[in-house]
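These notes concern the structure reproduced below.
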Amino acid sequence: RTAKKIVDGGVAVMGHIGLTPQAISVIGGFRAQGRTATRARALLDDALRLQDAGAFSIVLECVPPNVAHAITEALEVPTIGIGAGNGTTGQVLVYHDMLGMSSHPHHEEFMPKFCKRYAQVGHAITEGLEEFKKEVSDGTFPGEEYSPYVMSDAEKTSFDKLLAKDAAERVKKHEETEKILKLAEEYDQFSLYGSKDNE
């Protein structure tokens, strides 16, 4: 409801599911999310509701790669992963971590397991950002090494069964959403440039 009200007010909304740092006191700390079939399915439903509310994209943080992939496949809007495997539309990291901007020795103890360090501070910052962009574009990052959150085989099987229950309905919903977004895009282009008849 909150997301829809914000969107209806003219503000672009990017959704965020999985580990939400602003709610760590509620979820029990910095813990991976969606590692059981039931919770994974709930995350998928959350993502669909955010899309229906008008979110233009959704961040998936610290969830198993297969869950992030299933959510991405179910959505029409793009997903951005952080600690969620390489099945999302795009990737993001906290640049202080990926570029080694915090050099105090104790910082090494608190580096997230999914974070890859691409460079150190100073002149290497630009080089690190360019390398991150390249690896995301060609699919090198994140590989298995930086996708640490996994489900047991039994939970994977249970999750696949939950997905299969309403697969046809979700495909239909996906197609309907695609048509709506396409019409909206065509309308926006028409409004911006006018019709060819008016040229």
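How things are named: the first chain in the structure tokens is A, the next is B, and so on; residues count from 1 in each chain; ligands count from 1 in the order shown.
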For this session: Taking the chain letters and numbering used in this document, name the residues of stretch 73-151 of chain A that DSSP puts in strand (DSSP E), as a VMD selection string.
Result: chain A and resid 79 to 82 90 to 91
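With only C-alpha atoms as the atoms that count, the residue of A:Cys62, A:Ala164, A:Val11, A:Ala68 with the shortest distance to A:Cys115 is A:Cys62.
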Exercise. Which one of A:Leu44, A:Ser158, A:Thr140, A:His96 sits closest to A:Glu73 if you count only C-alpha atoms?
Worked result: A:Leu44
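When only C-alpha atoms are used to compute distances to A:Ser152, the closest of the residues A:Gly90, A:Pro64, A:Gly15, A:Gly83 turns out to be A:Pro64.
For A:Gly87, the list of residues within 7 Å, based on only C-alpha atoms and with local chain neighbours fewer than 2 positions off taken out, reads Pro65, Ala68, His69, Gly85 and Thr89 of chain A.
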For this session: Quick one: everything within 8 Å of A:Gly128, counting only C-alpha atoms, minus sequence neighbours fewer than 2 positions away in the same chain. Send it as a PyMOL selection string.
Result: chain A and resi 98-99+118-119+124-126+130-132
Those same residues - C-alpha atoms - I'd like them written as a PDB file, in the first residue's frame.
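Listing of result17.pdb after writing:
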```
ATOM      1  CA  MET A  98      34.314  -3.363  -3.499  1.00  0.00           C
ATOM      2  CA  LEU A  99      36.977  -0.661  -3.810  1.00  0.00           C
ATOM      3  CA  TYR A 118      38.049  -5.110  -7.151  1.00  0.00           C
ATOM      4  CA  ALA A 119      40.508  -2.364  -6.213  1.00  0.00           C
ATOM      5  CA  ALA A 124      42.467   2.606  -8.770  1.00  0.00           C
ATOM      6  CA  ILE A 125      38.832   3.621  -8.056  1.00  0.00           C
ATOM      7  CA  THR A 126      37.990   4.283 -11.694  1.00  0.00           C
ATOM      8  CA  GLU A 130      35.066  -0.259 -14.881  1.00  0.00           C
ATOM      9  CA  GLU A 131      36.031  -3.851 -14.071  1.00  0.00           C
ATOM     10  CA  PHE A 132      32.858  -4.358 -12.004  1.00  0.00           C
TER      11      PHE A 132
END
```
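Note that atom CA of A:Ser57 and atom CA of A:Lys4 are 13.5 Å apart.
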Within 12 Å of A:His174, counting only C-alpha atoms, which residues show up once you throw out same-chain ones fewer than 6 positions away? Write them as an mmCIF file with all heavy atoms, in the first residue's frame, please.
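Here's the written file result_32.cif:
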```cif
data_model
loop_
_atom_site.group_PDB
_atom_site.id
_atom_site.type_symbol
_atom_site.label_atom_id
_atom_site.label_comp_id
_atom_site.auth_asym_id
_atom_site.auth_seq_id
_atom_site.Cartn_x
_atom_site.Cartn_y
_atom_site.Cartn_z
ATOM 1 N N LEU A 48 6.078 -9.669 -6.598
ATOM 2 C CA LEU A 48 4.951 -9.464 -7.506
ATOM 3 C C LEU A 48 4.052 -8.328 -7.022
ATOM 4 O O LEU A 48 3.553 -7.528 -7.828
ATOM 5 C CB LEU A 48 4.150 -10.760 -7.645
ATOM 6 C CG LEU A 48 4.837 -11.892 -8.411
ATOM 7 C CD1 LEU A 48 4.063 -13.195 -8.261
ATOM 8 C CD2 LEU A 48 4.991 -11.529 -9.889
ATOM 9 N N GLN A 51 5.717 -5.074 -7.831
ATOM 10 C CA GLN A 51 5.563 -4.772 -9.248
ATOM 11 C C GLN A 51 4.163 -4.234 -9.532
ATOM 12 O O GLN A 51 3.995 -3.234 -10.244
ATOM 13 C CB GLN A 51 5.823 -6.022 -10.093
ATOM 14 C CG GLN A 51 5.593 -5.811 -11.591
ATOM 15 C CD GLN A 51 5.906 -7.049 -12.402
ATOM 16 O OE1 GLN A 51 6.956 -7.141 -13.011
ATOM 17 N NE2 GLN A 51 5.004 -8.015 -12.423
ATOM 18 N N ASP A 52 3.157 -4.900 -8.963
ATOM 19 C CA ASP A 52 1.774 -4.459 -9.160
ATOM 20 C C ASP A 52 1.544 -3.064 -8.580
ATOM 21 O O ASP A 52 0.696 -2.313 -9.060
ATOM 22 C CB ASP A 52 0.799 -5.451 -8.516
ATOM 23 C CG ASP A 52 0.729 -6.773 -9.266
ATOM 24 O OD1 ASP A 52 1.193 -6.816 -10.425
ATOM 25 O OD2 ASP A 52 0.238 -7.758 -8.695
ATOM 26 N N ILE A 71 12.431 -15.348 -9.110
ATOM 27 C CA ILE A 71 11.760 -14.059 -8.956
ATOM 28 C C ILE A 71 11.969 -13.202 -10.198
ATOM 29 O O ILE A 71 11.031 -12.586 -10.715
ATOM 30 C CB ILE A 71 12.280 -13.326 -7.697
ATOM 31 C CG1 ILE A 71 11.826 -14.073 -6.434
ATOM 32 C CG2 ILE A 71 11.773 -11.877 -7.658
ATOM 33 C CD1 ILE A 71 12.426 -13.538 -5.151
ATOM 34 N N THR A 72 13.194 -13.175 -10.695
ATOM 35 C CA THR A 72 13.513 -12.387 -11.892
ATOM 36 C C THR A 72 12.698 -12.874 -13.089
ATOM 37 O O THR A 72 12.183 -12.065 -13.875
ATOM 38 C CB THR A 72 15.017 -12.470 -12.203
ATOM 39 O OG1 THR A 72 15.751 -11.952 -11.091
ATOM 40 C CG2 THR A 72 15.367 -11.662 -13.441
ATOM 41 N N GLU A 73 12.580 -14.189 -13.238
ATOM 42 C CA GLU A 73 11.818 -14.757 -14.348
ATOM 43 C C GLU A 73 10.336 -14.423 -14.241
ATOM 44 O O GLU A 73 9.651 -14.292 -15.256
ATOM 45 C CB GLU A 73 11.998 -16.284 -14.379
ATOM 46 C CG GLU A 73 13.360 -16.736 -14.845
ATOM 47 C CD GLU A 73 13.589 -16.425 -16.311
ATOM 48 O OE1 GLU A 73 12.821 -16.912 -17.152
ATOM 49 O OE2 GLU A 73 14.540 -15.665 -16.613
ATOM 50 N N ALA A 74 9.839 -14.289 -13.015
ATOM 51 C CA ALA A 74 8.406 -14.032 -12.808
ATOM 52 C C ALA A 74 8.037 -12.570 -13.030
ATOM 53 O O ALA A 74 6.869 -12.250 -13.232
ATOM 54 C CB ALA A 74 7.999 -14.454 -11.402
ATOM 55 N N LEU A 75 9.028 -11.688 -12.993
ATOM 56 C CA LEU A 75 8.759 -10.261 -13.091
ATOM 57 C C LEU A 75 8.968 -9.726 -14.497
ATOM 58 O O LEU A 75 9.733 -10.289 -15.281
ATOM 59 C CB LEU A 75 9.682 -9.483 -12.139
ATOM 60 C CG LEU A 75 9.535 -9.761 -10.634
ATOM 61 C CD1 LEU A 75 10.599 -8.987 -9.875
ATOM 62 C CD2 LEU A 75 8.147 -9.400 -10.140
ATOM 63 N N GLU A 76 8.315 -8.633 -14.780
ATOM 64 C CA GLU A 76 8.543 -7.892 -16.021
ATOM 65 C C GLU A 76 9.538 -6.756 -15.768
ATOM 66 O O GLU A 76 10.283 -6.367 -16.669
ATOM 67 C CB GLU A 76 7.215 -7.333 -16.551
ATOM 68 C CG GLU A 76 7.334 -6.618 -17.886
ATOM 69 C CD GLU A 76 7.800 -7.529 -19.014
ATOM 70 O OE1 GLU A 76 7.571 -8.748 -18.938
ATOM 71 O OE2 GLU A 76 8.413 -7.014 -19.974
ATOM 72 N N VAL A 77 9.555 -6.231 -14.558
ATOM 73 C CA VAL A 77 10.500 -5.162 -14.223
ATOM 74 C C VAL A 77 11.854 -5.782 -13.899
ATOM 75 O O VAL A 77 11.931 -6.947 -13.497
ATOM 76 C CB VAL A 77 10.000 -4.311 -13.034
ATOM 77 C CG1 VAL A 77 8.682 -3.634 -13.380
ATOM 78 C CG2 VAL A 77 9.867 -5.159 -11.774
ATOM 79 N N ALA A 167 2.177 -21.961 -11.941
ATOM 80 C CA ALA A 167 3.070 -21.532 -13.032
ATOM 81 C C ALA A 167 2.281 -20.908 -14.179
ATOM 82 O O ALA A 167 2.645 -19.848 -14.692
ATOM 83 C CB ALA A 167 3.895 -22.716 -13.526
ATOM 84 N N ALA A 168 1.194 -21.568 -14.581
ATOM 85 C CA ALA A 168 0.403 -21.062 -15.701
ATOM 86 C C ALA A 168 -0.194 -19.696 -15.383
ATOM 87 O O ALA A 168 -0.211 -18.791 -16.225
ATOM 88 C CB ALA A 168 -0.708 -22.058 -16.046
ATOM 89 N N ILE A 180 0.620 -4.277 -20.562
ATOM 90 C CA ILE A 180 0.310 -3.004 -19.906
ATOM 91 C C ILE A 180 1.516 -2.067 -19.968
ATOM 92 O O ILE A 180 1.388 -0.883 -20.287
ATOM 93 C CB ILE A 180 -0.104 -3.244 -18.440
ATOM 94 C CG1 ILE A 180 -1.467 -3.964 -18.396
ATOM 95 C CG2 ILE A 180 -0.176 -1.931 -17.673
ATOM 96 C CD1 ILE A 180 -1.866 -4.422 -17.016
ATOM 97 N N LEU A 181 2.694 -2.595 -19.664
ATOM 98 C CA LEU A 181 3.903 -1.765 -19.678
ATOM 99 C C LEU A 181 4.247 -1.296 -21.088
ATOM 100 O O LEU A 181 4.720 -0.180 -21.288
ATOM 101 C CB LEU A 181 5.072 -2.543 -19.074
ATOM 102 C CG LEU A 181 4.970 -2.843 -17.583
ATOM 103 C CD1 LEU A 181 6.156 -3.687 -17.119
ATOM 104 C CD2 LEU A 181 4.918 -1.551 -16.775
#
```
For this session: Name the residues of chain A that fall into helix (DSSP H, G or I) according to DSSP on the backbone, using the chain letters and numbers of this document, as a PyMOL selection string.
Result: chain A and resi 2-8+21-27+37-53+65-74+95-98+105-110+124-138+144-146+153-165+167-193+196-198
Applying 7 Å and only C-alpha atoms, which residues near A:Val92 remain after dropping the ones on its own chain fewer than 3 positions away? List them as an mmCIF file with all heavy atoms, in the first residue's frame.
```
data_model
loop_
_atom_site.group_PDB
_atom_site.id
_atom_site.type_symbol
_atom_site.label_atom_id
_atom_site.label_comp_id
_atom_site.auth_asym_id
_atom_site.auth_seq_id
_atom_site.Cartn_x
_atom_site.Cartn_y
_atom_site.Cartn_z
ATOM 1 N N ILE A 80 17.798 -6.152 -9.357
ATOM 2 C CA ILE A 80 19.202 -5.852 -9.088
ATOM 3 C C ILE A 80 19.627 -6.711 -7.908
ATOM 4 O O ILE A 80 19.030 -6.644 -6.834
ATOM 5 C CB ILE A 80 19.407 -4.360 -8.755
ATOM 6 C CG1 ILE A 80 18.873 -3.469 -9.885
ATOM 7 C CG2 ILE A 80 20.890 -4.078 -8.501
ATOM 8 C CD1 ILE A 80 19.565 -3.652 -11.219
ATOM 9 N N GLY A 81 20.661 -7.538 -8.104
ATOM 10 C CA GLY A 81 21.087 -8.451 -7.060
ATOM 11 C C GLY A 81 22.272 -7.947 -6.264
ATOM 12 O O GLY A 81 23.167 -7.296 -6.802
ATOM 13 N N ILE A 82 22.273 -8.278 -4.964
ATOM 14 C CA ILE A 82 23.438 -8.074 -4.113
ATOM 15 C C ILE A 82 23.495 -9.278 -3.180
ATOM 16 O O ILE A 82 22.628 -9.456 -2.335
ATOM 17 C CB ILE A 82 23.387 -6.726 -3.348
ATOM 18 C CG1 ILE A 82 24.597 -6.610 -2.415
ATOM 19 C CG2 ILE A 82 22.079 -6.524 -2.611
ATOM 20 C CD1 ILE A 82 24.826 -5.218 -1.858
#
```
